[in-house]
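Shown next: query31.txt, containing compact mmCIF, C-alpha atoms.
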# COMPACT_ATOMS: atom_id res chain seq x y z
CA MET A 1 12.64 10.70 -15.48
CA ILE A 2 10.20 13.61 -15.45
CA GLU A 3 7.73 11.56 -17.49
CA GLN A 4 8.04 8.63 -15.11
CA GLY A 5 6.93 10.96 -12.34
CA ARG A 6 7.74 10.85 -8.66
CA ALA A 7 5.04 8.44 -7.55
CA GLU A 8 7.25 5.36 -7.24
CA GLU A 9 9.89 7.30 -5.33
CA GLU A 10 7.26 8.75 -3.04
CA ALA A 11 5.87 5.26 -2.50
CA ALA A 12 9.31 4.05 -1.43
CA LEU A 13 9.63 6.96 1.02
CA THR A 14 6.24 6.27 2.60
CA LEU A 15 7.36 2.66 3.05
CA GLY A 16 10.21 3.92 5.20
CA ALA A 17 13.08 3.85 2.70
CA THR A 18 15.79 6.51 3.02
CA GLY A 19 16.51 8.83 0.10
CA TRP A 20 19.64 6.87 -0.85
CA ARG A 21 17.86 3.52 -0.68
CA THR A 22 15.02 4.93 -2.82
CA PHE A 23 17.53 6.08 -5.43
CA ARG A 24 19.34 2.75 -5.44
CA THR A 25 16.31 0.44 -5.50
CA VAL A 26 13.70 2.47 -7.38
CA THR A 27 15.11 5.41 -9.37
CA LEU A 28 18.21 3.73 -10.77
CA PRO A 29 16.57 0.47 -11.95
CA ASN A 30 13.90 2.50 -13.73
CA ILE A 31 16.41 4.56 -15.70
CA ARG A 32 19.12 1.92 -16.18
CA TRP A 33 18.55 1.32 -19.90
CA ALA A 34 18.19 4.99 -20.69
CA LEU A 35 21.39 5.60 -18.72
CA LEU A 36 23.28 2.90 -20.63
CA TYR A 37 21.97 4.30 -23.90
CA GLY A 38 23.16 7.76 -22.97
CA THR A 39 26.59 6.45 -21.99
CA LEU A 40 26.86 4.64 -25.31
CA LEU A 41 25.95 7.68 -27.37
CA CYS A 42 28.34 9.77 -25.32
CA THR A 43 31.15 7.28 -25.93
CA ALA A 44 30.47 7.33 -29.66
CA ARG A 45 30.51 11.12 -29.64
CA ALA A 46 33.78 11.23 -27.72
CA MET A 47 35.48 8.74 -30.03
CA GLY A 48 34.83 10.82 -33.11
CA GLU A 49 35.65 14.22 -31.63
CA PHE A 50 38.02 16.26 -33.81
CA GLY A 51 37.57 20.03 -33.95
CA ALA A 52 37.22 20.93 -30.29
CA VAL A 53 40.09 18.70 -29.24
CA ALA A 54 42.34 19.94 -32.04
CA VAL A 55 41.81 23.56 -31.05
CA VAL A 56 41.66 23.34 -27.27
CA SER A 57 43.79 20.44 -26.08
CA GLY A 58 47.01 21.16 -27.95
CA LYS A 59 46.84 17.62 -29.35
CA ILE A 60 49.82 16.06 -27.62
CA ARG A 61 50.36 12.63 -29.08
CA GLY A 62 49.47 9.80 -26.69
CA GLN A 63 47.94 12.21 -24.19
CA THR A 64 45.33 14.52 -25.63
CA ALA A 65 44.86 13.27 -29.18
CA THR A 66 41.65 11.50 -30.15
CA MET A 67 41.59 8.81 -32.80
CA PRO A 68 40.61 11.10 -35.72
CA ILE A 69 43.40 13.51 -34.76
CA THR A 70 45.93 10.71 -34.56
CA ILE A 71 44.83 9.56 -37.99
CA GLU A 72 45.39 13.06 -39.33
CA MET A 73 48.82 13.28 -37.75
CA PHE A 74 49.86 9.89 -39.17
CA TYR A 75 48.56 10.90 -42.55
CA ASN A 76 50.42 14.22 -42.55
CA GLU A 77 53.63 12.36 -41.68
CA TYR A 78 53.11 10.05 -44.68
CA LEU A 79 52.58 7.06 -42.35
CA SER A 80 49.81 5.73 -44.55
CA ILE A 81 49.80 2.21 -43.13
CA ALA A 82 49.44 3.47 -39.57
CA ALA A 83 46.82 6.01 -40.61
CA PHE A 84 44.69 3.50 -42.47
CA SER A 85 45.03 0.89 -39.69
CA MET A 86 43.86 3.43 -37.17
CA ALA A 87 40.99 4.44 -39.48
CA ALA A 88 39.95 0.80 -39.82
CA LEU A 89 40.02 0.41 -36.04
CA LEU A 90 37.87 3.52 -35.63
CA THR A 91 35.39 2.20 -38.19
CA GLY A 92 35.28 -1.05 -36.23
CA PHE A 93 34.46 0.80 -33.01
CA ALA A 94 31.82 2.84 -34.80
CA LEU A 95 30.14 -0.28 -36.14
CA LEU A 96 30.28 -1.93 -32.71
CA THR A 97 28.61 1.09 -31.05
CA LEU A 98 25.98 1.16 -33.75
CA LEU A 99 25.31 -2.53 -33.22
CA LEU A 100 24.98 -2.11 -29.44
CA LYS A 101 22.73 0.90 -29.90
CA THR A 102 20.42 -0.97 -32.27
CA ALA A 103 20.31 -3.98 -29.94
CA LEU A 104 19.39 -1.74 -27.01
CA GLU A 105 16.68 -0.02 -29.02
CA LEU A 106 15.18 -3.32 -30.09
CA ARG A 107 15.19 -4.96 -26.68
CA HIS A 108 14.30 -2.05 -24.44
CA ALA A 109 12.36 0.32 -26.66
CA ASP A 110 9.65 0.67 -24.01
CA ALA A 111 12.05 1.69 -21.26
CA LEU A 112 13.90 4.12 -23.54
CA SER A 113 10.84 5.90 -24.81
CA ALA A 114 10.18 6.87 -21.17
CA THR A 115 6.47 6.22 -21.38
CA ARG A 116 4.79 4.81 -18.32
CA ARG A 117 4.03 1.15 -18.59
CA HIS A 118 1.27 1.14 -16.06
CA MET B 1 -4.57 6.67 16.02
CA HIS B 2 -6.35 9.96 16.55
CA ILE B 3 -5.49 12.59 13.93
CA GLN B 4 -5.97 16.29 14.55
CA ILE B 5 -5.59 18.86 11.80
CA ASP B 6 -5.21 22.31 13.29
CA GLU B 7 -5.59 25.35 10.99
CA ILE B 8 -3.56 23.80 8.18
CA ALA B 9 -2.96 26.05 5.17
CA LYS B 10 -0.93 25.37 2.05
CA GLU B 11 0.24 27.67 -0.71
CA PHE B 12 2.05 26.70 -3.88
CA GLY B 13 3.76 29.90 -4.93
CA THR B 14 0.95 32.40 -5.35
CA THR B 15 -1.90 29.89 -5.55
CA THR B 16 -3.62 28.84 -2.37
CA ALA B 17 -4.38 25.11 -2.29
CA LEU B 18 -5.75 25.11 1.25
CA HIS B 19 -7.18 27.92 3.33
CA PRO B 20 -6.75 27.23 7.03
CA VAL B 21 -8.74 24.05 7.68
CA SER B 22 -9.29 22.13 10.90
CA LEU B 23 -10.47 18.60 11.26
CA SER B 24 -10.49 15.94 13.94
CA ILE B 25 -10.40 12.30 12.90
CA PRO B 26 -11.27 9.86 15.68
CA SER B 27 -9.17 6.74 16.13
CA GLY B 28 -10.30 3.84 13.98
CA ALA B 29 -12.59 5.89 11.74
CA LEU B 30 -12.91 5.54 7.98
CA VAL B 31 -13.06 9.08 6.63
CA ALA B 32 -13.75 10.31 3.10
CA LEU B 33 -12.40 13.60 1.77
CA LEU B 34 -14.95 14.40 -0.88
CA GLY B 35 -14.77 17.18 -3.43
CA PRO B 36 -14.25 18.12 -7.05
CA SER B 37 -10.74 18.33 -8.49
CA GLY B 38 -8.84 21.34 -7.22
CA SER B 39 -10.66 21.34 -3.91
CA GLY B 40 -7.47 20.63 -1.95
CA LYS B 41 -8.41 17.13 -0.81
CA THR B 42 -5.31 15.42 -2.21
CA THR B 43 -3.07 18.18 -0.81
CA LEU B 44 -4.56 17.59 2.63
CA LEU B 45 -3.97 13.84 2.33
CA ARG B 46 -0.36 14.37 1.23
CA ILE B 47 0.21 16.69 4.19
CA LEU B 48 -1.04 13.94 6.51
CA GLY B 49 1.35 11.48 4.87
CA GLY B 50 4.32 13.83 5.09
CA LEU B 51 4.72 14.17 1.32
CA GLU B 52 3.91 17.88 1.50
CA PHE B 53 4.46 20.28 4.35
CA PRO B 54 1.90 22.92 5.30
CA THR B 55 2.61 26.63 4.96
CA SER B 56 1.06 27.11 8.40
CA GLY B 57 -0.85 25.12 10.98
CA ARG B 58 -0.18 21.87 12.82
CA VAL B 59 -0.84 18.16 12.46
CA LEU B 60 -1.24 16.18 15.68
CA PHE B 61 -1.11 12.41 15.97
CA ASN B 62 -2.48 11.21 19.31
CA SER B 63 -2.17 14.81 20.58
CA GLN B 64 1.55 14.95 19.73
CA ASP B 65 2.80 17.51 17.24
CA ALA B 66 3.77 15.70 14.04
CA THR B 67 3.94 18.70 11.70
CA GLY B 68 7.66 18.44 11.01
CA MET B 69 7.88 14.66 11.21
CA SER B 70 9.49 13.08 8.14
CA VAL B 71 7.55 10.85 5.78
CA GLN B 72 9.50 7.78 6.96
CA GLU B 73 8.87 8.47 10.63
CA ARG B 74 5.12 8.85 10.13
CA ARG B 75 4.63 5.24 9.09
CA ALA B 76 1.51 6.05 7.08
CA GLY B 77 0.38 3.36 4.68
CA PHE B 78 -0.15 5.35 1.48
CA VAL B 79 -2.02 4.03 -1.56
CA PHE B 80 -1.36 6.20 -4.60
CA GLN B 81 -3.87 7.08 -7.28
CA SER B 82 -2.13 5.08 -10.00
CA TYR B 83 -0.81 2.68 -7.32
CA ALA B 84 2.87 3.45 -8.06
CA LEU B 85 3.89 -0.20 -7.80
CA PHE B 86 7.59 -0.78 -8.42
CA ARG B 87 7.42 -2.03 -11.98
CA HIS B 88 10.76 -3.84 -11.98
CA MET B 89 9.87 -5.88 -8.89
CA THR B 90 7.54 -8.84 -8.48
CA VAL B 91 4.41 -8.59 -6.36
CA PHE B 92 6.27 -10.37 -3.56
CA GLU B 93 9.17 -7.90 -3.68
CA ASN B 94 6.76 -4.97 -3.83
CA ILE B 95 5.02 -6.05 -0.64
CA ALA B 96 8.28 -6.97 1.10
CA TYR B 97 9.87 -3.62 0.21
CA GLY B 98 8.86 -1.78 3.37
CA LEU B 99 10.02 -4.60 5.64
CA ARG B 100 13.37 -4.92 3.86
CA ALA B 101 13.86 -1.14 4.04
CA ARG B 102 13.80 -1.16 7.83
CA PRO B 103 16.98 -0.48 9.76
CA ARG B 104 18.83 -3.70 10.62
CA ALA B 105 17.82 -3.60 14.27
CA THR B 106 14.08 -3.80 13.57
CA ARG B 107 14.16 -5.70 10.28
CA PRO B 108 12.45 -9.09 10.43
CA ASN B 109 14.48 -12.07 9.21
CA LYS B 110 13.90 -13.65 5.82
CA ALA B 111 11.51 -16.35 7.02
CA GLU B 112 9.45 -13.79 8.91
CA ILE B 113 9.26 -11.52 5.84
CA ASP B 114 8.13 -14.49 3.73
CA ARG B 115 5.48 -15.35 6.26
CA ARG B 116 4.13 -11.81 6.50
CA VAL B 117 4.01 -11.26 2.75
CA LEU B 118 2.13 -14.52 2.21
CA LYS B 119 -0.29 -13.55 4.95
CA LEU B 120 -0.97 -10.22 3.27
CA LEU B 121 -1.49 -11.93 -0.09
CA ASP B 122 -4.08 -14.07 1.66
CA LEU B 123 -5.70 -10.98 3.15
CA ILE B 124 -6.15 -9.41 -0.30
CA GLN B 125 -7.31 -12.79 -1.60
CA LEU B 126 -4.60 -13.10 -4.23
CA PRO B 127 -2.34 -15.85 -2.86
CA GLN B 128 -1.19 -17.10 -6.28
CA ILE B 129 0.30 -13.94 -7.81
CA ALA B 130 3.49 -13.52 -5.76
CA ASP B 131 5.85 -14.02 -8.71
CA ARG B 132 4.07 -11.78 -11.22
CA TYR B 133 5.13 -8.30 -12.24
CA PRO B 134 2.76 -5.31 -11.96
CA THR B 135 2.34 -5.12 -15.75
CA GLN B 136 0.90 -8.64 -15.68
CA LEU B 137 -1.91 -7.70 -13.28
CA SER B 138 -5.37 -6.30 -13.85
CA GLY B 139 -6.30 -2.89 -12.44
CA GLY B 140 -8.17 -4.38 -9.50
CA GLN B 141 -5.28 -6.70 -8.64
CA ARG B 142 -2.82 -3.80 -8.74
CA GLN B 143 -4.97 -1.83 -6.37
CA ARG B 144 -5.07 -4.70 -3.90
CA VAL B 145 -1.32 -5.23 -4.15
CA ALA B 146 -0.79 -1.52 -3.46
CA LEU B 147 -3.00 -1.90 -0.39
CA ALA B 148 -1.05 -4.95 0.80
CA ARG B 149 2.24 -3.12 0.28
CA ALA B 150 0.98 -0.22 2.39
CA LEU B 151 -0.23 -2.58 5.13
CA ALA B 152 3.07 -4.48 5.25
CA ILE B 153 4.83 -1.75 7.22
CA GLU B 154 2.27 -2.10 10.03
CA PRO B 155 1.18 1.48 9.46
CA ARG B 156 -0.29 3.76 12.11
CA MET B 157 -2.87 5.01 9.63
CA LEU B 158 -3.98 4.29 6.08
CA LEU B 159 -4.14 7.07 3.48
CA LEU B 160 -5.67 6.39 0.08
CA ASP B 161 -5.66 8.78 -2.88
CA GLU B 162 -8.60 8.03 -5.20
CA PRO B 163 -8.18 4.30 -4.53
CA PHE B 164 -10.91 3.34 -6.99
CA GLY B 165 -10.36 6.09 -9.54
CA ALA B 166 -8.70 3.97 -12.21
CA LEU B 167 -11.14 1.06 -12.12
CA ASP B 168 -14.30 0.20 -14.01
CA ALA B 169 -17.64 0.36 -12.23
CA LYS B 170 -18.04 -3.36 -11.48
CA VAL B 171 -14.57 -3.88 -9.98
CA ARG B 172 -15.00 -0.64 -8.07
CA LYS B 173 -18.04 -1.97 -6.20
CA GLU B 174 -16.27 -5.19 -5.27
CA LEU B 175 -13.17 -3.45 -4.02
CA ARG B 176 -15.17 -0.93 -2.04
CA GLN B 177 -16.41 -3.76 0.13
CA GLY B 178 -12.87 -5.16 0.20
CA LEU B 179 -11.53 -1.91 1.64
CA ARG B 180 -14.32 -1.76 4.22
CA ASP B 181 -13.52 -5.34 5.31
CA ILE B 182 -9.79 -4.66 5.57
CA HIS B 183 -10.46 -1.48 7.52
CA ASP B 184 -12.74 -3.29 9.96
CA GLU B 185 -10.26 -6.14 10.33
CA THR B 186 -7.20 -3.97 11.00
CA GLY B 187 -9.00 -1.19 12.87
CA LEU B 188 -6.67 1.39 11.29
CA THR B 189 -7.64 5.04 11.13
CA SER B 190 -8.16 5.48 7.39
CA VAL B 191 -8.59 8.51 5.18
CA PHE B 192 -9.45 8.27 1.51
CA VAL B 193 -9.84 10.90 -1.16
CA THR B 194 -12.62 10.68 -3.72
CA HIS B 195 -14.67 12.82 -6.07
CA ASP B 196 -17.44 10.21 -6.19
CA GLN B 197 -20.13 11.16 -3.68
CA GLU B 198 -21.81 7.75 -3.85
CA GLU B 199 -18.53 6.07 -2.94
CA ALA B 200 -17.96 8.44 -0.03
CA MET B 201 -21.51 8.05 1.31
CA GLU B 202 -21.50 4.27 1.07
CA LEU B 203 -18.08 3.59 2.49
CA ALA B 204 -17.18 6.24 5.05
CA ASP B 205 -18.11 6.72 8.71
CA LEU B 206 -17.40 10.40 8.36
CA VAL B 207 -17.51 12.51 5.19
CA VAL B 208 -15.60 15.77 4.78
CA VAL B 209 -16.91 17.79 1.84
CA MET B 210 -14.33 20.18 0.38
CA SER B 211 -14.38 22.90 -2.24
CA MET B 212 -11.80 25.50 -3.34
CA GLY B 213 -9.43 24.68 -0.48
CA ARG B 214 -12.09 24.95 2.21
CA ILE B 215 -14.07 22.45 4.22
CA GLU B 216 -17.76 22.91 3.45
CA GLN B 217 -19.17 20.34 5.85
CA ILE B 218 -18.10 17.51 8.12
CA GLY B 219 -20.63 14.89 9.07
CA LYS B 220 -22.00 11.39 8.93
CA PRO B 221 -23.19 10.38 5.43
CA GLN B 222 -26.85 10.52 6.35
CA ASP B 223 -26.52 13.93 8.02
CA ILE B 224 -24.87 15.35 4.94
CA ARG B 225 -27.58 13.87 2.76
CA THR B 226 -30.46 15.10 4.88
CA ARG B 227 -28.97 18.38 6.12
CA PRO B 228 -26.48 19.85 3.64
CA ALA B 229 -24.84 22.84 5.32
CA THR B 230 -24.21 24.96 2.25
CA GLU B 231 -25.53 25.42 -1.24
CA PHE B 232 -22.37 23.85 -2.63
CA VAL B 233 -22.87 20.65 -0.63
CA ARG B 234 -26.50 20.45 -1.69
CA GLU B 235 -25.55 20.70 -5.34
CA PHE B 236 -22.51 18.45 -5.15
CA ILE B 237 -24.28 15.51 -3.55
CA GLY B 238 -27.30 16.11 -5.74
CA ALA B 239 -29.70 16.13 -2.81
Could you write out this file's structure as structure tokens?
Amino acid sequence: MIEQGRAEEEAALTLGATGWRTFRTVTLPNIRWALLYGTLLCTARAMGEFGAVAVVSGKIRGQTATMPITIEMFYNEYLSIAAFSMAALLTGFALLTLLLKTALELRHADALSATRRH
Amino acid sequence: MHIQIDEIAKEFGTTTALHPVSLSIPSGALVALLGPSGSGKTTLLRILGGLEFPTSGRVLFNSQDATGMSVQERRAGFVFQSYALFRHMTVFENIAYGLRARPRATRPNKAEIDRRVLKLLDLIQLPQIADRYPTQLSGGQRQRVALARALAIEPRMLLLDEPFGALDAKVRKELRQGLRDIHDETGLTSVFVTHDQEEAMELADLVVVMSMGRIEQIGKPQDIRTRPATEFVREFIGA
């Protein structure tokens, strides 16, 4: 956003747009792909979280356990089938995120690299 | 609209961009702020447009104090140095933006917006590019679209920041005349910033030479050429 500069927002203001309208019609559309990309990476990060959750949250099953923690708990209780199913599911999610991320990078590389296009 | 700048000064932190300057711009004039980079000319233009606020001093529009007036209230048509067109909107949407942004009570209806945008495209002599995106335009076309977008709000004055800065020499000459024609047609008080003395001398009714945040001389182009007031002016215009 810093690289994109304030010129477009300032242009909107001089044309009489309010701050909120400027954000909605100029700022947000310009950062939408970068925002989606960030959300995606964040989701991927959250899915795989283990250490911090294990230490801080108290890992209550069904409430504060992430997928990796659930896998560990299943495994420790000798529920191998459940553990491996969950692991497969997690792998599936990981691949899906990776796929989405690559697709985004291919289609909107210019918007993500935050370089000005004109 | 008559613009009066009364002892305007501007500081950014510890650096002084403008020492107190005063300037009177008669209604309907085409004025050039001429100076090297860092002379404070762009800061002065942005203060007029309401994008910056002065540290001290007043701005008067038609003798009414406008110093604290918001950028939206000023209704100044502003053309930015790199044009700042909305890159995700078509040319049509760019020009219509200011009309669509109006509060419901004063917003023209759809047919009226269409009509006005097409009229402006005619005025800038680019009637066929309504559906293109800014990236698909040449530099000269972008500049004219930026001008049309600024004119769409029926501005009270026109402010242009280095309007020809990003263009090659040939296009620059053509568009210079284009700006003069549009100014004469609309009769708007216009102020443009430039570091090109030839451009200022050829185009403006009144030239304001600036250096280091101070006004060195205010005068008609020929007066500045024949009677430079200071050594700086003499050197800068190469007289």
Which residues of segment 60-89 of chain B sit at most 10 Å from segment 17-36 of chain A, using only C-alpha atoms? Give each one's shortest atom pair and distance in Å (one decimal place), in chain and ascending residue order, as JSON lines.
{"residue": "B:Val71", "atom": "CA", "partner": "A:Ala17", "partner_atom": "CA", "distance": 9.4}
{"residue": "B:Gln72", "atom": "CA", "partner": "A:Ala17", "partner_atom": "CA", "distance": 6.8}
{"residue": "B:Phe86", "atom": "CA", "partner": "A:Val26", "partner_atom": "CA", "distance": 7.0}
{"residue": "B:Arg87", "atom": "CA", "partner": "A:Asn30", "partner_atom": "CA", "distance": 8.1}
{"residue": "B:His88", "atom": "CA", "partner": "A:Pro29", "partner_atom": "CA", "distance": 7.2}
{"residue": "B:Met89", "atom": "CA", "partner": "A:Val26", "partner_atom": "CA", "distance": 9.3}
Any chance you could tabulate, as a Markdown table, the residues of chain B at most 10 Å from chain A with each one's nearest atom pair and distance in Å to one decimal, using all atoms listed in the file, in chain and rising number order?
| residue | atom | partner | partner_atom | distance |
| --- | --- | --- | --- | --- |
| B:Gly49 | CA | A:Thr14 | CA | 7.5 |
| B:Gly50 | CA | A:Thr14 | CA | 8.2 |
| B:Leu51 | CA | A:Glu10 | CA | 7.4 |
| B:Ser70 | CA | A:Thr14 | CA | 9.4 |
| B:Val71 | CA | A:Thr14 | CA | 5.7 |
| B:Gln72 | CA | A:Gly16 | CA | 4.3 |
| B:Glu73 | CA | A:Gly16 | CA | 7.2 |
| B:Arg74 | CA | A:Thr14 | CA | 8.0 |
| B:Arg75 | CA | A:Thr14 | CA | 6.8 |
| B:Ala76 | CA | A:Thr14 | CA | 6.5 |
| B:Gly77 | CA | A:Thr14 | CA | 6.9 |
| B:Phe78 | CA | A:Thr14 | CA | 6.6 |
| B:Val79 | CA | A:Ala11 | CA | 8.0 |
| B:Phe80 | CA | A:Ala7 | CA | 7.4 |
| B:Gln81 | CA | A:Ala7 | CA | 9.0 |
| B:Ser82 | CA | A:His118 | CA | 8.0 |
| B:Tyr83 | CA | A:Ala7 | CA | 8.2 |
| B:Ala84 | CA | A:Glu8 | CA | 4.8 |
| B:Leu85 | CA | A:Glu8 | CA | 6.5 |
| B:Phe86 | CA | A:Glu8 | CA | 6.3 |
| B:Arg87 | CA | A:His118 | CA | 8.0 |
| B:His88 | CA | A:Pro29 | CA | 7.2 |
| B:Met89 | CA | A:Val26 | CA | 9.3 |
| B:Asn94 | CA | A:Ala12 | CA | 9.7 |
| B:Ile95 | CA | A:Leu15 | CA | 9.7 |
| B:Ala96 | CA | A:Leu15 | CA | 9.9 |
| B:Tyr97 | CA | A:Leu15 | CA | 7.3 |
| B:Gly98 | CA | A:Leu15 | CA | 4.7 |
| B:Leu99 | CA | A:Leu15 | CA | 8.2 |
| B:Arg100 | CA | A:Ala17 | CA | 8.9 |
| B:Ala101 | CA | A:Ala17 | CA | 5.2 |
| B:Arg102 | CA | A:Gly16 | CA | 6.8 |
| B:Pro103 | CA | A:Ala17 | CA | 9.2 |
| B:Pro134 | CA | A:His118 | CA | 7.8 |
| B:Thr135 | CA | A:His118 | CA | 6.4 |
| B:Gln136 | CA | A:His118 | CA | 9.8 |
| B:Leu137 | CA | A:His118 | CA | 9.8 |
| B:Gly139 | CA | A:His118 | CA | 9.3 |
| B:Arg142 | CA | A:His118 | CA | 9.7 |
| B:Ala146 | CA | A:Ala11 | CA | 9.6 |
| B:Arg149 | CA | A:Leu15 | CA | 8.2 |
| B:Ala150 | CA | A:Leu15 | CA | 7.0 |
| B:Leu151 | CA | A:Leu15 | CA | 9.5 |
| B:Ala152 | CA | A:Leu15 | CA | 8.6 |
| B:Ile153 | CA | A:Leu15 | CA | 6.6 |
| B:Glu154 | CA | A:Leu15 | CA | 9.9 |
| B:Pro155 | CA | A:Leu15 | CA | 9.0 |
Requested write-out: C-alpha atoms of the selected residues, as a compact mmCIF listing (two decimals), in the coordinates of the input:
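Done, and the output landed in part_12.txt:
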# COMPACT_ATOMS: atom_id res chain seq x y z
CA GLY B 49 1.35 11.48 4.87
CA GLY B 50 4.32 13.83 5.09
CA LEU B 51 4.72 14.17 1.32
CA SER B 70 9.49 13.08 8.14
CA VAL B 71 7.55 10.85 5.78
CA GLN B 72 9.50 7.78 6.96
CA GLU B 73 8.87 8.47 10.63
CA ARG B 74 5.12 8.85 10.13
CA ARG B 75 4.63 5.24 9.09
CA ALA B 76 1.51 6.05 7.08
CA GLY B 77 0.38 3.36 4.68
CA PHE B 78 -0.15 5.35 1.48
CA VAL B 79 -2.02 4.03 -1.56
CA PHE B 80 -1.36 6.20 -4.60
CA GLN B 81 -3.87 7.08 -7.28
CA SER B 82 -2.13 5.08 -10.00
CA TYR B 83 -0.81 2.68 -7.32
CA ALA B 84 2.87 3.45 -8.06
CA LEU B 85 3.89 -0.20 -7.80
CA PHE B 86 7.59 -0.78 -8.42
CA ARG B 87 7.42 -2.03 -11.98
CA HIS B 88 10.76 -3.84 -11.98
CA MET B 89 9.87 -5.88 -8.89
CA ASN B 94 6.76 -4.97 -3.83
CA ILE B 95 5.02 -6.05 -0.64
CA ALA B 96 8.28 -6.97 1.10
CA TYR B 97 9.87 -3.62 0.21
CA GLY B 98 8.86 -1.78 3.37
CA LEU B 99 10.02 -4.60 5.64
CA ARG B 100 13.37 -4.92 3.86
CA ALA B 101 13.86 -1.14 4.04
CA ARG B 102 13.80 -1.16 7.83
CA PRO B 103 16.98 -0.48 9.76
CA PRO B 134 2.76 -5.31 -11.96
CA THR B 135 2.34 -5.12 -15.75
CA GLN B 136 0.90 -8.64 -15.68
CA LEU B 137 -1.91 -7.70 -13.28
CA GLY B 139 -6.30 -2.89 -12.44
CA ARG B 142 -2.82 -3.80 -8.74
CA ALA B 146 -0.79 -1.52 -3.46
CA ARG B 149 2.24 -3.12 0.28
CA ALA B 150 0.98 -0.22 2.39
CA LEU B 151 -0.23 -2.58 5.13
CA ALA B 152 3.07 -4.48 5.25
CA ILE B 153 4.83 -1.75 7.22
CA GLU B 154 2.27 -2.10 10.03
CA PRO B 155 1.18 1.48 9.46
Around the point (48.6, 13.6, -37.0) in the file's coordinates, collect all residues with an atom within 12 Å, using all atoms listed in the file, and return them as a short mmCIF file (atom, residue, chain, number, x, y, z; two decimals) with C-alpha atoms, in the frame of the given file.
data_model
loop_
_atom_site.label_atom_id
_atom_site.label_comp_id
_atom_site.auth_asym_id
_atom_site.auth_seq_id
_atom_site.Cartn_x
_atom_site.Cartn_y
_atom_site.Cartn_z
CA PHE A 50 38.02 16.26 -33.81
CA ALA A 54 42.34 19.94 -32.04
CA GLY A 58 47.01 21.16 -27.95
CA LYS A 59 46.84 17.62 -29.35
CA ILE A 60 49.82 16.06 -27.62
CA ARG A 61 50.36 12.63 -29.08
CA GLY A 62 49.47 9.80 -26.69
CA THR A 64 45.33 14.52 -25.63
CA ALA A 65 44.86 13.27 -29.18
CA THR A 66 41.65 11.50 -30.15
CA MET A 67 41.59 8.81 -32.80
CA PRO A 68 40.61 11.10 -35.72
CA ILE A 69 43.40 13.51 -34.76
CA THR A 70 45.93 10.71 -34.56
CA ILE A 71 44.83 9.56 -37.99
CA GLU A 72 45.39 13.06 -39.33
CA MET A 73 48.82 13.28 -37.75
CA PHE A 74 49.86 9.89 -39.17
CA TYR A 75 48.56 10.90 -42.55
CA ASN A 76 50.42 14.22 -42.55
CA GLU A 77 53.63 12.36 -41.68
CA TYR A 78 53.11 10.05 -44.68
CA LEU A 79 52.58 7.06 -42.35
CA SER A 80 49.81 5.73 -44.55
CA ALA A 82 49.44 3.47 -39.57
CA ALA A 83 46.82 6.01 -40.61
CA MET A 86 43.86 3.43 -37.17
#
Within 10 Å of segment 190-199 of chain B, counting only C-alpha atoms, which residues show up once you throw out same-chain ones fewer than 4 positions away? Write them as a PyMOL selection string, please. chain B and resi 1+25-37+39+41-45+48+76-79+81+156-165+172-173+176+179+183+203-204+206-210+221+236-238
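Between atom CA of Lys101 of chain A and atom CA of Arg45 of chain A the interatomic distance comes to 12.8 Å.
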Can you pull out the residues contacting segment 92-96 of chain A? Cut-off 8 Å, using only C-alpha atoms, and skip same-chain residues under 4 positions away; I want them as an MDAnalysis selection string. chainID A and resid 44 88 100
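Of note, atom CA of Val59 of chain B and atom CA of Lys220 of chain B are spaced 22.5 Å apart.
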Contacts of Ile124 of chain B at 8 Å (all atoms listed in the file; same-chain gap of 6+ positions) as number ranges by chain: B: 144-145, 148, 178
Distance of atom CA of Pro20 of chain B from atom CA of Gln4 of chain B, expressed in Å to one decimal place: 13.3 Å
Which is closer to Val233 of chain B than all the others in B:Gln125, B:Ser211, B:Thr67, B:Thr106, using all atoms listed in the file? B:Ser211
Listed atoms of segment 72-78 of chain A boxed axis-aligned with 3 Å per side, centre + edges as JSON:
{"center_x": 49.5, "center_y": 12.1, "center_z": -41.2, "size_x": 14.2, "size_y": 10.3, "size_z": 12.9}
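Look at Thr55 of chain B: the protein and nucleic acid residues within 7 Å of it, using all atoms listed in the file and passing over chain neighbours fewer than 4 places away, are Ala9, Lys10 and Glu11 of chain B.
Nearest to Glu93 of chain B of all the residues B:Ala66, B:Ala17, B:Ile113, B:Met212 is B:Ile113, based on only C-alpha atoms.
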Among listed residues B:Lys170, B:Ser63, B:Asp181, B:Gly40, nearest Thr15 of chain B (using all atoms listed in the file): B:Gly40
